[in-house]
Structure formats: C-alpha cells, structure tokens
$ cat work_25.csv   # CSV, C-alpha atoms
chain,number,residue,atom,x,y,z
A,1,MET,CA,-118.4,-15.3,176.5
A,2,GLU,CA,-116.3,-15.8,179.6
A,3,TYR,CA,-117.1,-13.8,182.6
A,4,ASN,CA,-113.7,-12.1,182.8
A,5,ASN,CA,-113.5,-11.4,179.0
A,6,PHE,CA,-115.6,-8.2,179.2
A,7,SER,CA,-113.3,-5.3,178.9
A,8,SER,CA,-114.4,-1.7,177.9
A,9,SER,CA,-117.8,-2.1,179.5
A,10,ARG,CA,-119.8,0.7,181.1
A,11,CYS,CA,-120.5,0.1,184.8
A,12,ILE,CA,-124.0,0.9,186.0
A,13,TRP,CA,-125.2,0.9,189.6
A,14,VAL,CA,-128.9,0.0,190.0
A,15,ASN,CA,-130.6,1.4,193.1
A,16,GLY,CA,-132.9,-1.6,193.3
A,17,PRO,CA,-133.2,-5.0,191.6
A,18,VAL,CA,-132.2,-6.0,188.1
A,19,ILE,CA,-135.0,-8.1,186.4
A,20,VAL,CA,-133.9,-10.3,183.6
A,21,GLY,CA,-136.8,-10.8,181.1
A,22,ALA,CA,-139.7,-8.6,180.0
A,23,GLY,CA,-142.3,-11.3,179.7
A,24,PRO,CA,-145.4,-11.6,181.9
A,25,SER,CA,-143.3,-12.5,184.9
A,26,GLY,CA,-140.9,-9.6,184.6
A,27,LEU,CA,-143.7,-7.2,184.0
A,28,ALA,CA,-145.6,-8.4,187.0
A,29,VAL,CA,-142.5,-8.0,189.2
A,30,GLY,CA,-142.0,-4.5,187.9
A,31,ALA,CA,-145.6,-3.5,188.5
A,32,CYS,CA,-145.5,-4.8,192.1
A,33,LEU,CA,-142.2,-3.0,192.7
A,34,LYS,CA,-143.7,0.2,191.4
A,35,GLU,CA,-146.4,-0.2,194.0
A,36,GLN,CA,-143.8,-0.6,196.7
A,37,GLY,CA,-141.9,2.5,195.5
A,38,VAL,CA,-138.8,0.4,194.6
A,39,PRO,CA,-136.8,1.4,191.4
A,40,PHE,CA,-135.6,-1.3,189.1
A,41,VAL,CA,-134.1,-2.1,185.7
A,42,ILE,CA,-135.5,-4.8,183.3
A,43,LEU,CA,-133.2,-6.2,180.8
A,44,GLU,CA,-134.7,-7.8,177.7
A,45,LYS,CA,-132.7,-9.5,174.9
A,46,ASP,CA,-135.4,-8.9,172.3
A,47,ASP,CA,-136.9,-5.7,170.9
A,48,CYS,CA,-140.3,-5.9,172.6
A,49,ILE,CA,-142.1,-7.0,175.7
A,50,ALA,CA,-143.4,-10.5,175.8
A,51,SER,CA,-141.3,-11.5,172.8
A,52,PHE,CA,-142.3,-15.2,173.2
A,53,TRP,CA,-146.0,-14.3,172.7
A,54,HIS,CA,-145.3,-11.8,169.9
A,55,LYS,CA,-142.9,-13.9,167.8
A,56,LEU,CA,-142.9,-17.6,168.8
A,57,THR,CA,-146.6,-18.5,169.0
A,58,TYR,CA,-149.0,-19.6,166.3
A,59,ASN,CA,-151.9,-17.4,165.1
A,60,SER,CA,-154.7,-19.6,166.4
A,61,LEU,CA,-153.4,-19.8,169.9
A,62,LYS,CA,-155.9,-19.3,172.7
A,63,LEU,CA,-155.2,-19.4,176.4
A,64,HIS,CA,-156.5,-22.6,177.9
A,65,LEU,CA,-157.5,-21.1,181.2
A,66,PRO,CA,-160.3,-18.6,182.0
A,67,LYS,CA,-159.1,-15.0,182.0
A,68,LYS,CA,-159.2,-14.7,185.8
A,69,PHE,CA,-156.3,-17.1,185.9
A,70,CYS,CA,-154.4,-15.2,183.3
A,71,GLN,CA,-154.3,-11.6,184.6
A,72,LEU,CA,-151.3,-10.1,186.3
A,73,PRO,CA,-151.3,-8.4,189.8
A,74,ILE,CA,-153.1,-5.0,190.4
A,75,LEU,CA,-154.5,-4.5,186.9
A,76,PRO,CA,-157.2,-7.0,186.0
A,77,LEU,CA,-158.2,-7.9,182.5
A,78,PRO,CA,-161.0,-5.9,180.9
A,79,GLU,CA,-164.5,-7.2,181.5
A,80,SER,CA,-165.2,-7.0,177.8
A,81,TYR,CA,-162.6,-9.7,177.1
A,82,PRO,CA,-164.0,-13.2,176.5
A,83,LYS,CA,-163.6,-16.1,178.9
A,84,TYR,CA,-160.7,-17.5,176.9
A,85,LEU,CA,-158.3,-15.0,175.5
A,86,SER,CA,-156.8,-15.1,172.0
A,87,LYS,CA,-153.1,-14.5,171.5
A,88,THR,CA,-153.7,-11.0,170.2
A,89,GLN,CA,-155.9,-10.1,173.2
A,90,PHE,CA,-153.3,-11.3,175.7
A,91,ILE,CA,-150.5,-9.3,174.0
A,92,GLU,CA,-152.7,-6.2,174.0
A,93,TYR,CA,-153.3,-6.6,177.7
A,94,LEU,CA,-149.5,-7.0,178.4
A,95,GLU,CA,-148.7,-3.9,176.4
A,96,CYS,CA,-151.5,-1.9,178.2
A,97,TYR,CA,-150.1,-3.3,181.5
A,98,ALA,CA,-146.6,-2.0,180.7
A,99,ARG,CA,-147.9,1.4,179.7
A,100,HIS,CA,-150.1,1.7,182.8
A,101,PHE,CA,-147.2,1.1,185.2
A,102,ASP,CA,-144.7,3.0,183.0
A,103,ILE,CA,-142.5,0.0,182.7
A,104,ASN,CA,-139.7,0.7,180.2
A,105,PRO,CA,-137.3,-2.3,179.8
A,106,ARG,CA,-133.9,-1.9,178.2
A,107,PHE,CA,-134.5,-3.7,175.0
A,108,ASN,CA,-131.9,-5.6,172.9
A,109,GLU,CA,-129.7,-6.1,175.8
A,110,CYS,CA,-128.7,-9.8,176.2
A,111,VAL,CA,-127.5,-10.9,179.6
A,112,LEU,CA,-124.3,-12.9,179.1
A,113,SER,CA,-123.6,-13.6,182.8
A,114,ALA,CA,-124.8,-12.9,186.3
A,115,LYS,CA,-122.5,-13.6,189.2
A,116,TYR,CA,-122.8,-12.9,192.9
A,117,ASP,CA,-119.7,-11.1,194.2
A,118,GLN,CA,-119.1,-12.5,197.7
A,119,VAL,CA,-116.6,-9.8,198.6
A,120,CYS,CA,-119.0,-6.8,198.2
A,121,SER,CA,-122.2,-8.8,198.5
A,122,LEU,CA,-123.6,-7.6,195.2
A,123,TRP,CA,-124.7,-9.0,191.9
A,124,ARG,CA,-122.7,-8.3,188.8
A,125,VAL,CA,-124.8,-8.6,185.6
A,126,LYS,CA,-123.1,-8.4,182.3
A,127,ALA,CA,-125.0,-7.6,179.1
A,128,VAL,CA,-124.3,-6.7,175.5
A,129,THR,CA,-126.4,-4.9,173.0
A,130,LEU,CA,-127.0,-5.7,169.3
A,131,SER,CA,-124.4,-3.1,168.3
A,132,GLY,CA,-121.8,-4.7,170.6
A,133,SER,CA,-121.9,-2.2,173.5
A,134,LYS,CA,-121.2,-3.8,176.8
A,135,PHE,CA,-122.7,-3.0,180.2
A,136,GLU,CA,-122.2,-4.3,183.7
A,137,TYR,CA,-125.0,-3.7,186.1
A,138,ILE,CA,-124.3,-3.9,189.8
A,139,CYS,CA,-127.2,-4.4,192.2
A,140,ARG,CA,-128.3,-5.8,195.5
A,141,TRP,CA,-131.1,-8.0,194.1
A,142,LEU,CA,-131.4,-10.1,191.0
A,143,VAL,CA,-134.8,-11.4,189.7
A,144,VAL,CA,-134.7,-14.2,187.2
A,145,ALA,CA,-137.9,-13.8,185.1
A,146,THR,CA,-136.8,-15.4,181.8
A,147,GLY,CA,-139.5,-18.0,182.1
A,148,GLU,CA,-139.9,-21.7,181.6
A,149,ASN,CA,-140.2,-21.3,177.8
A,150,ALA,CA,-137.0,-19.6,176.8
A,151,GLU,CA,-135.2,-22.1,174.5
A,152,ARG,CA,-136.8,-24.5,172.0
A,153,VAL,CA,-136.3,-28.3,172.6
A,154,VAL,CA,-135.3,-30.2,169.5
A,155,PRO,CA,-135.3,-34.0,170.0
A,156,ASP,CA,-132.6,-36.2,168.7
A,157,ILE,CA,-134.4,-38.3,166.1
A,158,GLU,CA,-132.3,-40.6,163.9
A,159,GLY,CA,-132.4,-39.4,160.3
A,160,LEU,CA,-133.9,-36.0,161.0
A,161,ARG,CA,-131.2,-34.3,158.8
A,162,GLU,CA,-131.8,-36.7,156.0
A,163,PHE,CA,-135.6,-36.3,156.0
A,164,GLY,CA,-135.5,-33.8,153.1
A,165,GLY,CA,-138.9,-32.2,153.8
A,166,GLU,CA,-139.6,-29.0,155.8
A,167,VAL,CA,-139.0,-29.4,159.5
A,168,LEU,CA,-140.4,-26.7,161.8
A,169,HIS,CA,-140.4,-26.2,165.6
A,170,THR,CA,-143.7,-24.8,166.9
A,171,CYS,CA,-141.9,-21.5,167.5
A,172,ASP,CA,-141.7,-21.1,163.7
A,173,TYR,CA,-145.3,-22.3,163.0
A,174,LYS,CA,-147.9,-19.6,162.4
A,175,SER,CA,-150.8,-21.4,160.6
A,176,GLY,CA,-151.6,-24.4,158.5
A,177,GLU,CA,-152.3,-22.4,155.4
A,178,LYS,CA,-149.1,-23.5,153.5
A,179,PHE,CA,-149.7,-27.1,154.5
A,180,HIS,CA,-152.9,-27.5,152.5
A,181,GLY,CA,-153.2,-31.1,151.3
A,182,LYS,CA,-149.8,-32.2,152.8
A,183,LYS,CA,-149.1,-35.1,155.1
A,184,VAL,CA,-147.7,-33.5,158.3
A,185,LEU,CA,-146.1,-35.3,161.2
A,186,VAL,CA,-146.6,-33.5,164.5
A,187,VAL,CA,-144.1,-34.7,167.1
A,188,GLY,CA,-145.5,-34.2,170.6
A,189,CYS,CA,-149.0,-34.5,172.0
A,190,GLY,CA,-149.1,-31.7,174.5
A,191,ASN,CA,-151.4,-28.7,174.2
A,192,SER,CA,-149.3,-27.2,171.3
A,193,GLY,CA,-149.2,-30.5,169.4
A,194,MET,CA,-153.0,-31.0,169.8
A,195,GLU,CA,-153.9,-27.4,168.8
A,196,ILE,CA,-151.5,-27.4,165.8
A,197,SER,CA,-153.0,-30.7,164.6
A,198,LEU,CA,-156.4,-29.1,164.9
A,199,ASP,CA,-155.3,-26.0,163.1
A,200,LEU,CA,-153.9,-28.1,160.2
A,201,CYS,CA,-157.3,-29.8,159.8
A,202,LYS,CA,-158.8,-26.4,159.1
A,203,TYR,CA,-156.6,-26.1,156.1
A,204,ASP,CA,-157.3,-29.6,154.8
A,205,ALA,CA,-153.8,-31.0,155.8
A,206,GLN,CA,-153.5,-34.6,156.9
A,207,PRO,CA,-151.9,-34.4,160.3
A,208,SER,CA,-150.5,-37.4,162.3
A,209,ILE,CA,-149.6,-36.8,165.9
A,210,VAL,CA,-146.9,-38.7,167.7
A,211,CYS,CA,-147.9,-39.9,171.1
A,212,ARG,CA,-144.8,-41.6,172.4
A,213,SER,CA,-145.8,-41.9,176.0
A,214,SER,CA,-149.0,-41.9,178.1
A,215,VAL,CA,-150.9,-38.6,178.4
A,216,HIS,CA,-154.0,-37.2,180.2
A,217,VAL,CA,-156.2,-35.3,177.9
A,218,LEU,CA,-159.1,-33.6,179.7
A,219,PRO,CA,-161.9,-31.4,178.3
A,220,ARG,CA,-161.3,-27.7,178.6
A,221,ASP,CA,-164.7,-27.3,180.2
A,222,ILE,CA,-167.0,-29.6,182.1
A,223,PHE,CA,-170.6,-28.6,181.7
A,224,GLY,CA,-169.6,-25.0,181.0
A,225,ILE,CA,-167.2,-24.8,183.9
A,226,SER,CA,-163.4,-24.6,183.4
A,227,THR,CA,-161.9,-27.9,184.2
A,228,LEU,CA,-159.1,-26.3,186.1
A,229,GLU,CA,-161.5,-24.0,188.0
A,230,LEU,CA,-163.5,-27.0,189.0
A,231,ALA,CA,-160.4,-28.9,190.1
A,232,ILE,CA,-159.2,-26.0,192.2
A,233,PHE,CA,-162.6,-25.8,193.9
A,234,MET,CA,-162.8,-29.6,194.6
A,235,VAL,CA,-159.3,-29.9,196.1
A,236,GLN,CA,-160.3,-27.5,198.8
A,237,TRP,CA,-162.9,-30.0,200.1
A,238,LEU,CA,-161.9,-33.4,198.8
A,239,PRO,CA,-158.7,-35.6,198.8
A,240,LEU,CA,-156.6,-35.4,195.7
A,241,TRP,CA,-157.1,-39.0,194.7
A,242,LEU,CA,-160.9,-38.5,194.7
A,243,VAL,CA,-160.7,-35.3,192.6
A,244,ASN,CA,-158.6,-37.2,190.1
A,245,LYS,CA,-161.2,-39.9,189.8
A,246,ILE,CA,-164.0,-37.3,189.4
A,247,LEU,CA,-162.2,-35.5,186.7
A,248,LEU,CA,-161.4,-38.7,184.8
A,249,PHE,CA,-165.1,-39.8,185.1
A,250,PHE,CA,-166.3,-36.6,183.6
A,251,THR,CA,-163.6,-36.8,181.0
A,252,TRP,CA,-164.8,-40.3,180.0
A,253,PHE,CA,-168.4,-39.0,179.9
A,254,ILE,CA,-167.5,-36.1,177.6
A,255,LEU,CA,-164.6,-37.3,175.5
A,256,GLY,CA,-165.2,-41.1,175.7
A,257,ASN,CA,-162.5,-43.7,176.0
A,258,THR,CA,-159.5,-41.9,174.4
A,259,GLU,CA,-157.3,-45.0,174.9
A,260,LYS,CA,-158.9,-46.7,171.9
A,261,TYR,CA,-157.6,-43.9,169.7
A,262,GLY,CA,-154.0,-44.4,170.8
A,263,LEU,CA,-154.0,-41.9,173.7
A,264,GLU,CA,-153.0,-44.2,176.6
A,265,ARG,CA,-153.6,-42.6,180.1
A,266,PRO,CA,-150.9,-42.6,182.8
A,267,LEU,CA,-151.5,-44.7,185.9
A,268,VAL,CA,-151.0,-41.5,188.0
A,269,GLY,CA,-153.9,-39.1,188.2
A,270,PRO,CA,-153.8,-35.8,186.2
A,271,LEU,CA,-153.4,-33.5,189.1
A,272,GLN,CA,-150.9,-35.7,190.9
A,273,LEU,CA,-148.9,-35.9,187.7
A,274,GLN,CA,-148.9,-32.1,187.4
A,275,ASN,CA,-147.8,-31.6,191.0
A,276,THR,CA,-145.1,-34.2,191.1
A,277,ARG,CA,-143.6,-34.1,187.6
A,278,ARG,CA,-144.4,-30.5,186.6
A,279,LYS,CA,-146.4,-31.6,183.6
A,280,HIS,CA,-149.1,-29.2,182.3
A,281,LEU,CA,-152.6,-30.7,181.8
A,282,VAL,CA,-153.5,-31.2,178.2
A,283,LEU,CA,-156.9,-29.6,177.7
A,284,ASP,CA,-158.9,-30.5,174.6
A,285,THR,CA,-160.3,-27.7,172.4
A,286,GLY,CA,-161.6,-29.9,169.6
A,287,ALA,CA,-158.7,-32.2,168.6
A,288,ILE,CA,-160.3,-35.3,170.1
A,289,GLU,CA,-163.3,-35.0,167.8
A,290,LYS,CA,-160.9,-34.9,164.8
A,291,ILE,CA,-159.0,-37.9,166.2
A,292,ARG,CA,-162.3,-39.8,166.6
A,293,SER,CA,-163.3,-39.0,163.0
A,294,GLY,CA,-159.9,-40.0,161.7
A,295,LYS,CA,-158.9,-36.6,160.4
A,296,ILE,CA,-156.0,-36.6,162.9
A,297,LYS,CA,-154.1,-39.9,163.1
A,298,VAL,CA,-152.5,-40.9,166.4
A,299,ILE,CA,-149.3,-42.8,166.0
A,300,PRO,CA,-146.7,-44.3,168.4
A,301,GLY,CA,-143.1,-43.2,168.7
A,302,ILE,CA,-140.7,-42.8,165.8
A,303,ASN,CA,-137.9,-45.2,165.3
A,304,LYS,CA,-136.1,-43.2,162.6
A,305,LEU,CA,-136.6,-40.9,159.6
A,306,SER,CA,-135.5,-41.2,156.1
A,307,CYS,CA,-136.3,-39.3,152.9
A,308,GLY,CA,-140.0,-38.6,153.1
A,309,ILE,CA,-140.6,-41.6,155.4
A,310,ALA,CA,-141.1,-42.0,159.2
A,311,GLU,CA,-140.5,-45.5,160.4
A,312,LEU,CA,-142.5,-46.1,163.6
A,313,VAL,CA,-141.5,-48.2,166.6
A,314,THR,CA,-144.1,-50.7,165.4
A,315,GLY,CA,-142.2,-51.1,162.1
A,316,GLU,CA,-144.9,-49.4,160.1
A,317,LYS,CA,-143.7,-46.8,157.5
A,318,LEU,CA,-145.5,-43.5,157.1
A,319,GLU,CA,-145.2,-41.2,154.1
A,320,ILE,CA,-144.9,-37.6,155.2
A,321,ASP,CA,-144.2,-34.2,153.6
A,322,SER,CA,-143.4,-32.1,156.6
A,323,ILE,CA,-142.6,-32.3,160.3
A,324,ILE,CA,-143.6,-30.0,163.1
A,325,LEU,CA,-141.8,-30.4,166.3
A,326,ALA,CA,-144.2,-29.6,169.2
A,327,THR,CA,-141.6,-30.7,171.6
A,328,GLY,CA,-141.7,-27.7,173.9
A,329,TYR,CA,-139.2,-25.4,175.5
A,330,THR,CA,-136.8,-25.2,178.4
A,331,SER,CA,-135.2,-22.6,180.6
A,332,ASN,CA,-132.1,-20.8,179.4
A,333,VAL,CA,-130.9,-19.9,183.0
A,334,PRO,CA,-127.9,-22.2,183.0
A,335,TYR,CA,-126.4,-20.4,180.0
A,336,TRP,CA,-126.0,-17.1,181.9
A,337,LEU,CA,-126.6,-17.4,185.6
A,338,GLN,CA,-123.4,-18.5,187.4
A,339,GLU,CA,-125.1,-20.2,190.3
A,340,THR,CA,-125.4,-23.9,190.7
A,341,GLU,CA,-126.5,-24.4,194.3
A,342,LEU,CA,-130.0,-22.9,194.0
A,343,PHE,CA,-130.8,-23.6,190.3
A,344,SER,CA,-130.7,-27.1,188.8
A,345,LYS,CA,-129.0,-28.0,185.6
A,346,SER,CA,-132.4,-27.9,183.9
A,347,GLY,CA,-132.7,-24.2,184.7
A,348,PHE,CA,-135.4,-24.5,187.4
A,349,PRO,CA,-135.1,-23.5,191.1
A,350,LYS,CA,-134.2,-26.5,193.3
A,351,ALA,CA,-136.7,-25.3,195.8
A,352,LYS,CA,-140.3,-26.4,195.1
A,353,PHE,CA,-143.5,-24.3,194.9
A,354,PRO,CA,-144.5,-22.3,196.9
A,355,ASP,CA,-141.0,-21.7,198.1
A,356,SER,CA,-139.3,-21.3,194.7
A,357,TRP,CA,-139.6,-17.5,194.5
A,358,LYS,CA,-136.7,-16.6,197.0
A,359,LEU,CA,-133.5,-18.5,196.6
A,360,GLY,CA,-131.0,-18.3,199.5
A,361,LYS,CA,-129.8,-15.2,201.2
A,362,SER,CA,-127.9,-13.5,198.4
A,363,GLY,CA,-130.8,-11.5,197.0
A,364,LEU,CA,-131.6,-14.0,194.2
A,365,TYR,CA,-135.3,-14.4,193.2
A,366,ALA,CA,-137.2,-16.4,190.6
A,367,ALA,CA,-140.5,-15.4,189.1
A,368,GLY,CA,-142.6,-17.7,186.9
A,369,PHE,CA,-140.9,-21.1,187.4
A,370,THR,CA,-143.7,-22.8,189.2
A,371,LYS,CA,-145.3,-24.8,186.3
A,372,LYS,CA,-148.6,-23.1,187.4
A,373,GLY,CA,-148.8,-20.6,184.6
A,374,LEU,CA,-149.6,-17.0,185.1
A,375,THR,CA,-151.2,-17.6,188.5
A,376,GLY,CA,-147.9,-18.9,189.8
A,377,ALA,CA,-146.0,-16.0,188.2
A,378,SER,CA,-148.3,-13.4,189.8
A,379,ALA,CA,-148.0,-15.0,193.2
A,380,ASP,CA,-144.2,-14.9,192.8
A,381,ALA,CA,-144.2,-11.3,191.8
A,382,ILE,CA,-146.2,-10.1,194.8
A,383,LYS,CA,-144.0,-12.0,197.2
A,384,ILE,CA,-140.8,-10.8,195.6
A,385,ALA,CA,-141.8,-7.1,195.6
A,386,GLN,CA,-143.0,-7.3,199.2
A,387,ASP,CA,-139.7,-8.9,200.3
A,388,ILE,CA,-137.5,-6.4,198.5
A,389,GLY,CA,-139.7,-3.5,199.3
A,390,LYS,CA,-139.5,-4.2,203.0
A,391,VAL,CA,-135.7,-4.0,203.1
A,392,PHE,CA,-135.6,-1.1,200.6
A,393,LYS,CA,-137.9,1.0,202.7
A,394,GLU,CA,-136.1,0.3,205.9
A,395,GLU,CA,-132.8,1.2,204.4
A,396,THR,CA,-134.1,4.3,202.7
A,397,LYS,CA,-135.6,5.6,206.0
A,398,ARG,CA,-132.3,5.1,207.8
A,399,LYS,CA,-130.2,6.8,205.0
A,400,ARG,CA,-132.7,9.5,204.0
A,401,PRO,CA,-134.9,10.9,206.8
A,402,ALA,CA,-136.4,13.4,204.4
A,403,ALA,CA,-138.3,12.5,201.3
A,404,ALA,CA,-136.1,12.8,198.2
A,405,HIS,CA,-136.2,11.8,194.5
A,406,ARG,CA,-134.5,8.5,193.9
A,407,ARG,CA,-132.6,7.8,190.7
A,408,CYS,CA,-132.8,4.2,189.6
A,409,ILE,CA,-129.4,3.9,188.0
A,410,SER,CA,-126.2,5.8,188.0
A,411,GLN,CA,-123.3,5.3,185.6
A,412,PHE,CA,-119.6,5.5,186.1

$ encode --input "work_25.csv" --output "structure tokens"
Amino acid sequence: MEYNNFSSSRCIWVNGPVIVGAGPSGLAVGACLKEQGVPFVILEKDDCIASFWHKLTYNSLKLHLPKKFCQLPILPLPESYPKYLSKTQFIEYLECYARHFDINPRFNECVLSAKYDQVCSLWRVKAVTLSGSKFEYICRWLVVATGENAERVVPDIEGLREFGGEVLHTCDYKSGEKFHGKKVLVVGCGNSGMEISLDLCKYDAQPSIVCRSSVHVLPRDIFGISTLELAIFMVQWLPLWLVNKILLFFTWFILGNTEKYGLERPLVGPLQLQNTRRKHLVLDTGAIEKIRSGKIKVIPGINKLSCGIAELVTGEKLEIDSIILATGYTSNVPYWLQETELFSKSGFPKAKFPDSWKLGKSGLYAAGFTKKGLTGASADAIKIAQDIGKVFKEETKRKRPAAAHRRCISQF
C-alpha cells in the first residue's frame, strides 16, 4: 500500500517509542523501557507474542546455546530449566516475561509503512488490522524489532514447480511423522537442516541433505562444556586464529573428519566466518552420527528438479518423494521502513555490531539484528532503553516539575 493512500485512519500520538515486533527483541526492549519509566506501544502483526516460535518452528527444536545465553534482561530463566531449552520451555519463559512486565502488544496490527517526517521531526507509522481498520502512530522514537527471521527464503531451483511431490519450507515442518518410509530431500545444511534430517531419522524416513557449499559443523559441547561458552572464554585470552584452530582440533577429535562424508570445511575459521559474514555456527546434536552411519546421505548441489527426481550437479539422479527447504529466513524491514540510508536492501542495519542498535539522529533504533542471537538482542535492548530513557526523563522533568501519571497514547 502506498504511503499516501491511507485515508480514514485514526491518528494516535505515542508518548514514547513505537516498537515494531513482539518477539524476544521487542519484549526485551519493552521490559527495559518499563524499568526506565518510559511508556511505549508494541505493534505485532500476529495474534500472539513470539509468533515465530509459536507457529514457524518444528516440534523437536531445542535451543543450541546454554540457557544463560538465551535469557532476556532483568528476568533470568528459572533454575529448574535444563541447560538447553526446548521450544515449549522457551515460549513459556517469553509468556511469563510479558506477564511479569505487564507488556500488552497491540496484536493483529500489521505495519504497512514507517516514515520519518523531516518537518516535524517525528515518525509516522501506519498500520492496519485484520478487519481493515487503519491507524497512524506518531512518535519521537521508532524501534525496529521484527528480527532477522521474518520472511522465509525460497531458493530458485529449476523445475521446483514441476516436481510433483510435497514441498515444505521449515516454517511449515512440525515433525517427521508423516514422512515415515519416504525419501526426503532436505535443502540446506545449517542448524535447521541438520536437526530436521535428524528428526526424520526418528520416524524411519530416508533423508538426504544438500550441502551446496562448505560449512563448519562443530560439536554442541566439548567435554561437557558448551562450545560457544568455551569459545567466548578463550577469545578473552587468545588470538582469534588460535581459538579457531583449537576449536577445529577438538571438533576433529570428537566428530572425526567430516569432510570425508561430504561436509567440506571453509578455509576461513568458524569464528571469523561468523564475525565477518554473519553466519551462525552449525552445532551438531546427533546428525553427524547418522551421516556417518549412512542414515543421512549428504549430497552436493541440485542442478534441477523434475517429477520425483533431483538431478545433482554431479549428474547423478536421485529419486525423492518430498522436499523440505531449510533455506532460512530474511528480514522484512525493506517492505515497510521507508529509510534507505541506515538500513541495507537486505533489511539489516548498515552499521556493524556493536554499533547497530542506534541508527542516525532521527530516533531510529534496531534490536536483534546482530547475528549474535538472544545475547545480542538483550544487549541492544538495554542500550536502547537507556538512551531513550535519558532523553525522556530530562524532558519530563523540564515539562512536569511535579510527579504525574503519564498516558502512553492519545487519540485524535
């Protein structure tokens, strides 16, 4: 919808920031703003908090990182939770988090556009509900918290429409139960591709995973210690190149030479690859053992598809019943944020971590675009709330010498 084609809308002044997205990043910003005494409005296009976790993740999903790296600011995860949280446990934590801080997003309101008005130095955020009601929010600050995983990525594979069998993206995959005995092609060898292939094995499916390019697969734990936790500790004392070599040595000791199974390793070290190319580490939770035993077959890239057949780049033809696209997600920011100087076309801030949380001087902020998971999102939330809180408190003191109740929004 064009920015100017928005007649008959209700105009709402927000006495604080508008936060777009009620996922972990948006909730974290909201909680930190509560601590600062700053009112806010969260707009969420779906009907629940953390809709990605509720609706677009598979049943067997477990967080790859220890729980201390997965908790949001101020309210830690319960001690009773295990080291690695299940999907259900993480959702329960997020719901408890929202209740604890009395965070009440405006659900089913999809942001169509957000534009900075240079004349009045305010943000104009236009949204529409499922029923078609239109709202325009006007605010000093805008927090982009829609996350890195907002829109599915579907690769352009020749013959995909002519394949004939079932084709799913990971966002539609729940379990391998209905794939019992079927030959399933999993496109993508990241964490999701590996875990879905492993889940398919539990239901006696025959998965083949496409590994088109080189990939670093590391054990989730090294002698009982989280690989990520060990890496973070070592980089405080050792140069990055040496930490990479140590991690790869332990990986070879635990997982063996994965290259002989078709998983070629990049020339660049795993941590360097994560820092420079924003690629998440692939942490093994059992898939390598299935690959080693032959229950998961690793294949090179696909040349084209036809009816029930995948022709590989090697010329080999593979019979398959179903395809699961574990090809990831991307940001949806370019679809609605009318700002091109601070956000790239890919929907990520042009500024690099740790400076990607505040974008320019127009009151634009970004939370959770660091490629550092929930740890990065939490760090962003704390900085954003402190920065907005400082200005808000100073202006409130000047305008209102006596304490008074503040309304978050007013309508006109």

$ atom_distance --input "work_25.csv" --atom1 "atom CA of A:Thr285" --atom2 "atom CA of A:Arg220"
6.3 Å

$ closest_residue --input "work_25.csv" --among "A:Gly176, A:Gly286, A:Gly165, A:Gly159" --to "A:Val217" --atoms "all atoms listed in the file"
A:Gly286

$ atom_distance --input "work_25.csv" --atom1 "atom CA of A:Leu364" --atom2 "atom CA of A:Ile103"
21.1 Å

$ atom_distance --input "work_25.csv" --atom1 "atom CA of A:Leu85" --atom2 "atom CA of A:Asp284"
15.5 Å

$ closest_residue --input "work_25.csv" --among "A:Cys189, A:Ala127, A:Val333, A:Ala326" --to "A:Lys297" --atoms "only C-alpha atoms"
A:Cys189

$ closest_residue --input "work_25.csv" --among "A:Gly301, A:Leu61, A:Tyr173, A:Leu142" --to "A:Thr314" --atoms "all atoms listed in the file"
A:Gly301

$ residues_around --input "work_25.csv" --residues "stretch 335-345 of chain A" --least-positions-apart "6" --cutoff "8 Å" --atoms "all atoms listed in the file" --output "list in words"
Val111, Leu112, Ser113, Ala114, Lys115, Tyr116, Ala351, Leu359 and Gly360 of chain A

$ closest_atom_pairs --input "work_25.csv" --of "stretch 299-343 of chain A" --to "stretch 204-214 of chain A" --cutoff "12 Å" --atoms "all atoms listed in the file" --output "tab-separated table"
residue	atom	partner	partner_atom	distance
A:Ile299	CA	A:Val210	CA	5.0
A:Pro300	CA	A:Arg212	CA	5.2
A:Gly301	CA	A:Arg212	CA	4.4
A:Ile302	CA	A:Val210	CA	7.7
A:Asn303	CA	A:Arg212	CA	10.5
A:Ala310	CA	A:Val210	CA	10.8
A:Glu311	CA	A:Val210	CA	11.9
A:Leu312	CA	A:Val210	CA	9.5
A:Val313	CA	A:Arg212	CA	9.4
A:Thr314	CA	A:Arg212	CA	11.5
A:Leu318	CA	A:Ser208	CA	9.4
A:Glu319	CA	A:Ser208	CA	10.5
A:Ile320	CA	A:Ser208	CA	9.0
A:Asp321	CA	A:Gln206	CA	9.9
A:Ser322	CA	A:Pro207	CA	9.6
A:Ile323	CA	A:Pro207	CA	9.5
A:Ile324	CA	A:Ile209	CA	9.5
A:Leu325	CA	A:Val210	CA	9.8
A:Ala326	CA	A:Ile209	CA	9.6
A:Thr327	CA	A:Val210	CA	10.4

$ residues_around --input "work_25.csv" --residues "A:Ile225" --least-positions-apart "5" --cutoff "12 Å" --atoms "only C-alpha atoms" --output "mmCIF file with C-alpha atoms, in the coordinates of the input"
data_model
loop_
_atom_site.group_PDB
_atom_site.id
_atom_site.type_symbol
_atom_site.label_atom_id
_atom_site.label_comp_id
_atom_site.auth_asym_id
_atom_site.auth_seq_id
_atom_site.Cartn_x
_atom_site.Cartn_y
_atom_site.Cartn_z
ATOM 1 C CA LEU A 65 -157.500 -21.100 181.200
ATOM 2 C CA PRO A 66 -160.300 -18.600 182.000
ATOM 3 C CA LYS A 83 -163.600 -16.100 178.900
ATOM 4 C CA PRO A 219 -161.900 -31.400 178.300
ATOM 5 C CA ARG A 220 -161.300 -27.700 178.600
ATOM 6 C CA LEU A 230 -163.500 -27.000 189.000
ATOM 7 C CA ALA A 231 -160.400 -28.900 190.100
ATOM 8 C CA ILE A 232 -159.200 -26.000 192.200
ATOM 9 C CA PHE A 233 -162.600 -25.800 193.900
ATOM 10 C CA PHE A 250 -166.300 -36.600 183.600
#
